[in-house]
Amino acid sequence: MKSILPYFCWLFLLPMAHSQKQICITIDDLPVVSYGIQDSAYWLDITNRLVQTFDFYQMPAIGYVNENKLYQDGQLQSNRVKLLEQWLQAGYELGNHTYAHTNYHRTDFQTYTAGILKGETITRPMTKQYNQPLRFFRHPYLRLGQTKARHDSLQTFLQQQGYTEAPVTIDNEEYLFAKAYHIAYHKKGKAMARQIGKDYVDYMERKLHYFERSADSLFQRPIRHILLLHANLLNAHYLDELADMLLKNGYTFISQSAALEDPVYQRTLSSQAYGDWGISWLDRWALTEGKKGSFFKGEPRVPDYIHDLTKR
Ligand SMILES: [Zn+2]
């Protein structure tokens, strides 16, 4: 949360040499990650703040939907459906994140793919109504298959359904900061919440630099990055400061489709890139190149106090 002044300052101070740095902001688990708060005004406030920030920064964000979150006690909640409409009305694309946020590594292929189709029941007609495509898929927990064969069969299914997978290069533990922020904001006081917000943006900058170094080392050039975030209170309050940090680092904001035009996303993963994990595609490309332990050293850690808060 901040005034609009710093944004304009950065705009004029941006060195031209950095103008090739581009990043796509992706927001998962729509409509809202509420940690049990069902109040519709709360969900609306988070959505409003996110969309206003996208507008302000001209950030062509995309939101990945879990349609099971549109229901409460088995009843479809029209106010939650309206939140998705709000994204589309404002011109922001929606993507599929499965119906129930299913982990592919804990589910058989039939059940998982049925969950992908179930996950577009409402979104598909709604995107048509707003003349928007529904064309990108994000794997929950970044679990895309423990083996190349499982990933390949999923890829074939997605292609048949007109979907393209949406990788992530700047993977991070924003969800831990978000849970800590939620607890602090509602129970511990605003001062602690502000500290978490500040530490969150600092942590994300260190993550950005870490993955920039990975990309430079692997490809000797900046790639079009894809950042994973969630639709939570933390980003409702701090996406603007995060955006300023990205601008300060020389980034411009691009859409999901523009990001995927980077040829890096056409690279084939080798069998070493698969395991029972959800990791950045940069790590998967590194494993494909045969990189070992030392390559992955120095990844920024979440502060202990954040872990402590979320464990309570
Ligand atoms: Zn998710």
# chains A, B, ... in the order shown; residues from 1 in each chain; ligands from 1
call {"tool": "residues_near_ligand", "arguments": {"ligand": "ligand 1", "cutoff": "10 Å", "atoms": "only C-alpha atoms and all ligand atoms", "output": "mmCIF file with C-alpha atoms, in the first residue's frame"}}
result
data_model
loop_
_atom_site.group_PDB
_atom_site.id
_atom_site.type_symbol
_atom_site.label_atom_id
_atom_site.label_comp_id
_atom_site.auth_asym_id
_atom_site.auth_seq_id
_atom_site.Cartn_x
_atom_site.Cartn_y
_atom_site.Cartn_z
ATOM 1 C CA ILE A 27 -2.656 -15.192 -10.113
ATOM 2 C CA ASP A 28 -3.762 -18.649 -8.995
ATOM 3 C CA ASP A 29 -6.644 -20.075 -6.958
ATOM 4 C CA LEU A 30 -9.395 -17.709 -8.094
ATOM 5 C CA VAL A 33 -7.780 -17.484 -1.217
ATOM 6 C CA TYR A 64 -6.319 -19.340 -12.833
ATOM 7 C CA VAL A 65 -9.666 -20.572 -11.516
ATOM 8 C CA ASN A 66 -10.691 -23.382 -9.157
ATOM 9 C CA HIS A 97 -6.491 -24.601 -12.602
ATOM 10 C CA THR A 98 -8.659 -27.768 -12.276
ATOM 11 C CA ALA A 100 -10.721 -28.803 -7.036
ATOM 12 C CA HIS A 101 -7.005 -27.942 -7.086
ATOM 13 C CA THR A 102 -6.057 -31.568 -7.623
ATOM 14 C CA ASN A 103 -2.507 -32.879 -7.276
ATOM 15 C CA ARG A 138 -1.875 -24.154 -14.708
ATOM 16 C CA HIS A 139 -0.996 -27.345 -12.804
ATOM 17 C CA PRO A 140 -1.919 -27.155 -9.104
ATOM 18 C CA TYR A 141 1.229 -27.390 -6.921
ATOM 19 C CA LEU A 142 3.164 -27.247 -10.231
ATOM 20 C CA TYR A 175 1.677 -18.553 -0.071
ATOM 21 C CA LEU A 228 3.260 -17.231 -9.713
ATOM 22 C CA LEU A 229 1.118 -15.407 -7.130
ATOM 23 C CA HIS A 230 -2.264 -16.052 -5.522
ATOM 24 C CA ALA A 231 -5.520 -14.108 -5.142
#
call {"tool": "select_by_dssp", "arguments": {"residues": "region 8-251 of chain A", "states": "strand (DSSP E)", "output": "PyMOL selection string"}}
result
chain A and resi 21-30+62-65+71-72+75-76+93-96+136-137+164-165+225-230+251
call {"tool": "closest_residue", "arguments": {"among": "A:Ile122, A:Cys24, A:Ala258, A:Leu94", "to": "Leu76 (chain A)", "atoms": "only C-alpha atoms"}}
result
A:Ile122
call {"tool": "residues_around", "arguments": {"residues": "Ala41 (chain A)", "least_positions_apart": "4", "cutoff": "12 Å", "atoms": "only C-alpha atoms", "output": "PDB file with N, CA and C atoms, in the first residue's frame"}}
result
ATOM      1  N   VAL A  32     -10.787 -16.335  -4.844  1.00  0.00           N
ATOM      2  CA  VAL A  32     -10.020 -15.731  -3.750  1.00  0.00           C
ATOM      3  C   VAL A  32      -9.501 -16.824  -2.816  1.00  0.00           C
ATOM      4  N   SER A  34      -9.158 -17.249   0.793  1.00  0.00           N
ATOM      5  CA  SER A  34      -9.705 -16.459   1.916  1.00  0.00           C
ATOM      6  C   SER A  34      -9.387 -17.052   3.279  1.00  0.00           C
ATOM      7  N   ILE A  37     -12.567 -17.341   5.422  1.00  0.00           N
ATOM      8  CA  ILE A  37     -13.509 -16.210   5.537  1.00  0.00           C
ATOM      9  C   ILE A  37     -14.509 -16.299   4.373  1.00  0.00           C
ATOM     10  N   ASP A  45     -13.624  -7.175  -1.931  1.00  0.00           N
ATOM     11  CA  ASP A  45     -12.574  -6.200  -1.672  1.00  0.00           C
ATOM     12  C   ASP A  45     -11.226  -6.691  -2.222  1.00  0.00           C
ATOM     13  N   ILE A  46     -10.914  -7.951  -1.996  1.00  0.00           N
ATOM     14  CA  ILE A  46      -9.647  -8.501  -2.512  1.00  0.00           C
ATOM     15  C   ILE A  46      -9.637  -8.426  -4.042  1.00  0.00           C
ATOM     16  N   THR A  47     -10.750  -8.812  -4.655  1.00  0.00           N
ATOM     17  CA  THR A  47     -10.822  -8.791  -6.130  1.00  0.00           C
ATOM     18  C   THR A  47     -10.695  -7.365  -6.654  1.00  0.00           C
ATOM     19  N   ASN A  48     -11.441  -6.433  -6.032  1.00  0.00           N
ATOM     20  CA  ASN A  48     -11.371  -5.030  -6.477  1.00  0.00           C
ATOM     21  C   ASN A  48      -9.949  -4.497  -6.430  1.00  0.00           C
ATOM     22  N   ASN A  79     -22.440 -14.359  -6.134  1.00  0.00           N
ATOM     23  CA  ASN A  79     -21.498 -13.258  -5.895  1.00  0.00           C
ATOM     24  C   ASN A  79     -20.067 -13.666  -6.243  1.00  0.00           C
ATOM     25  N   ARG A  80     -19.764 -14.951  -6.090  1.00  0.00           N
ATOM     26  CA  ARG A  80     -18.403 -15.419  -6.426  1.00  0.00           C
ATOM     27  C   ARG A  80     -18.241 -15.534  -7.947  1.00  0.00           C
ATOM     28  N   LEU A  83     -17.349 -12.286  -9.300  1.00  0.00           N
ATOM     29  CA  LEU A  83     -15.942 -11.881  -9.151  1.00  0.00           C
ATOM     30  C   LEU A  83     -15.136 -12.292 -10.385  1.00  0.00           C
TER      31      LEU A  83
END
call {"tool": "select_by_dssp", "arguments": {"residues": "region 23-233 of chain A", "states": "helix (DSSP H, G or I)", "output": "number ranges by chain"}}
result
A: 40-57, 67-70, 78-89, 104-106, 109-118, 123-129, 140-142, 148-160, 174-188, 190-219, 233
call {"tool": "write_last_selection", "arguments": {"atoms": "C-alpha atoms", "output": "compact mmCIF listing (two decimals), in the first residue's frame"}}
result
# COMPACT_ATOMS: atom_id res chain seq x y z
CA SER A 40 -18.76 -11.83 0.26
CA ALA A 41 -17.64 -8.22 0.91
CA TYR A 42 -14.21 -9.54 1.88
CA TRP A 43 -13.90 -11.52 -1.36
CA LEU A 44 -15.09 -8.51 -3.34
CA ASP A 45 -12.57 -6.20 -1.67
CA ILE A 46 -9.65 -8.50 -2.51
CA THR A 47 -10.82 -8.79 -6.13
CA ASN A 48 -11.37 -5.03 -6.48
CA ARG A 49 -7.93 -4.22 -5.15
CA LEU A 50 -6.21 -6.75 -7.42
CA VAL A 51 -8.03 -5.57 -10.55
CA GLN A 52 -7.41 -1.90 -9.70
CA THR A 53 -3.70 -2.63 -9.38
CA PHE A 54 -3.62 -4.46 -12.74
CA ASP A 55 -5.35 -1.45 -14.29
CA PHE A 56 -3.05 1.08 -12.68
CA TYR A 57 0.14 -0.68 -13.76
CA GLU A 67 -14.43 -23.59 -9.81
CA ASN A 68 -15.08 -25.57 -6.60
CA LYS A 69 -14.46 -22.30 -4.78
CA LEU A 70 -17.59 -20.87 -6.41
CA SER A 78 -23.61 -15.93 -7.61
CA ASN A 79 -21.50 -13.26 -5.89
CA ARG A 80 -18.40 -15.42 -6.43
CA VAL A 81 -19.28 -16.01 -10.07
CA LYS A 82 -19.53 -12.22 -10.39
CA LEU A 83 -15.94 -11.88 -9.15
CA LEU A 84 -14.76 -13.92 -12.13
CA GLU A 85 -16.91 -11.77 -14.39
CA GLN A 86 -15.19 -8.74 -12.92
CA TRP A 87 -11.85 -10.04 -14.18
CA LEU A 88 -13.24 -10.58 -17.67
CA GLN A 89 -15.11 -7.26 -17.75
CA TYR A 104 -1.77 -34.87 -10.46
CA HIS A 105 0.82 -36.92 -8.56
CA ARG A 106 -1.86 -38.19 -6.15
CA PHE A 109 -5.19 -39.73 -15.19
CA GLN A 110 -8.96 -40.24 -15.68
CA THR A 111 -9.91 -38.46 -12.46
CA TYR A 112 -7.45 -35.65 -13.05
CA THR A 113 -8.54 -34.91 -16.60
CA ALA A 114 -12.21 -35.13 -15.56
CA GLY A 115 -11.35 -32.42 -13.00
CA ILE A 116 -9.92 -30.24 -15.77
CA LEU A 117 -13.16 -30.51 -17.76
CA LYS A 118 -15.31 -29.97 -14.68
CA THR A 123 -15.66 -20.40 -16.93
CA ARG A 124 -15.98 -21.68 -20.50
CA PRO A 125 -19.38 -20.09 -21.32
CA MET A 126 -18.47 -16.98 -19.34
CA THR A 127 -15.25 -16.36 -21.27
CA LYS A 128 -17.21 -16.82 -24.55
CA GLN A 129 -19.75 -14.27 -23.39
CA PRO A 140 -1.92 -27.16 -9.10
CA TYR A 141 1.23 -27.39 -6.92
CA LEU A 142 3.16 -27.25 -10.23
CA LYS A 148 7.98 -37.79 -18.69
CA ALA A 149 5.34 -40.31 -19.81
CA ARG A 150 2.72 -38.93 -17.41
CA HIS A 151 3.49 -35.37 -18.47
CA ASP A 152 3.33 -36.33 -22.14
CA SER A 153 -0.10 -37.92 -21.75
CA LEU A 154 -1.35 -34.85 -19.92
CA GLN A 155 0.09 -32.58 -22.62
CA THR A 156 -1.74 -34.57 -25.29
CA PHE A 157 -5.01 -34.26 -23.38
CA LEU A 158 -4.53 -30.50 -22.88
CA GLN A 159 -3.79 -29.99 -26.57
CA GLN A 160 -6.89 -31.94 -27.56
CA GLU A 174 4.46 -16.31 -1.40
CA TYR A 175 1.68 -18.55 -0.07
CA LEU A 176 3.51 -18.79 3.29
CA PHE A 177 3.84 -15.01 3.52
CA ALA A 178 0.16 -14.76 2.57
CA LYS A 179 -0.94 -17.09 5.34
CA ALA A 180 1.27 -15.27 7.88
CA TYR A 181 -0.07 -11.92 6.63
CA HIS A 182 -3.66 -13.13 7.00
CA ILE A 183 -3.01 -14.23 10.59
CA ALA A 184 -1.16 -11.03 11.46
CA TYR A 185 -3.69 -8.72 9.80
CA HIS A 186 -6.69 -10.28 11.52
CA LYS A 187 -5.21 -11.31 14.86
CA LYS A 188 -1.82 -9.78 15.59
CA LYS A 190 -1.32 -4.05 11.55
CA ALA A 191 2.30 -3.33 12.53
CA MET A 192 3.23 -7.00 12.18
CA ALA A 193 1.22 -7.22 8.96
CA ARG A 194 3.19 -4.27 7.54
CA GLN A 195 6.48 -5.94 8.48
CA ILE A 196 5.38 -9.11 6.66
CA GLY A 197 4.36 -7.06 3.62
CA LYS A 198 7.76 -5.38 3.49
CA ASP A 199 9.64 -8.64 4.01
CA TYR A 200 7.50 -10.25 1.30
CA VAL A 201 8.53 -7.69 -1.34
CA ASP A 202 12.21 -7.97 -0.27
CA TYR A 203 12.03 -11.77 -0.47
CA MET A 204 10.42 -11.64 -3.91
CA GLU A 205 13.17 -9.32 -5.17
CA ARG A 206 15.80 -11.80 -3.97
CA LYS A 207 13.87 -14.64 -5.68
CA LEU A 208 13.74 -12.58 -8.86
CA HIS A 209 17.50 -12.06 -8.81
CA TYR A 210 18.09 -15.74 -8.06
CA PHE A 211 16.05 -16.88 -11.07
CA GLU A 212 17.53 -14.13 -13.26
CA ARG A 213 20.94 -15.62 -12.50
CA SER A 214 19.65 -19.12 -13.36
CA ALA A 215 18.32 -17.88 -16.70
CA ASP A 216 21.56 -16.00 -17.49
CA SER A 217 23.61 -19.06 -16.63
CA LEU A 218 21.46 -21.42 -18.73
CA PHE A 219 20.64 -19.20 -21.71
CA LEU A 233 -5.16 -10.39 0.98
call {"tool": "closest_residue", "arguments": {"among": "A:Leu134, A:Ile226, A:Ala286, A:Ile254", "to": "Thr169 (chain A)", "atoms": "only C-alpha atoms"}}
result
A:Ile226
call {"tool": "closest_residue", "arguments": {"among": "A:Asn131, A:Tyr99, A:Asp73, A:Ile223", "to": "Asp262 (chain A)", "atoms": "only C-alpha atoms"}}
result
A:Ile223
call {"tool": "closest_residue", "arguments": {"among": "A:Ser271, A:Gln58, A:Thr288, A:Ser255", "to": "Ala90 (chain A)", "atoms": "only C-alpha atoms"}}
result
A:Gln58
call {"tool": "atom_distance", "arguments": {"atom1": "CA of Tyr251 (chain A)", "atom2": "CA of Phe137 (chain A)"}}
result
24.3 Å
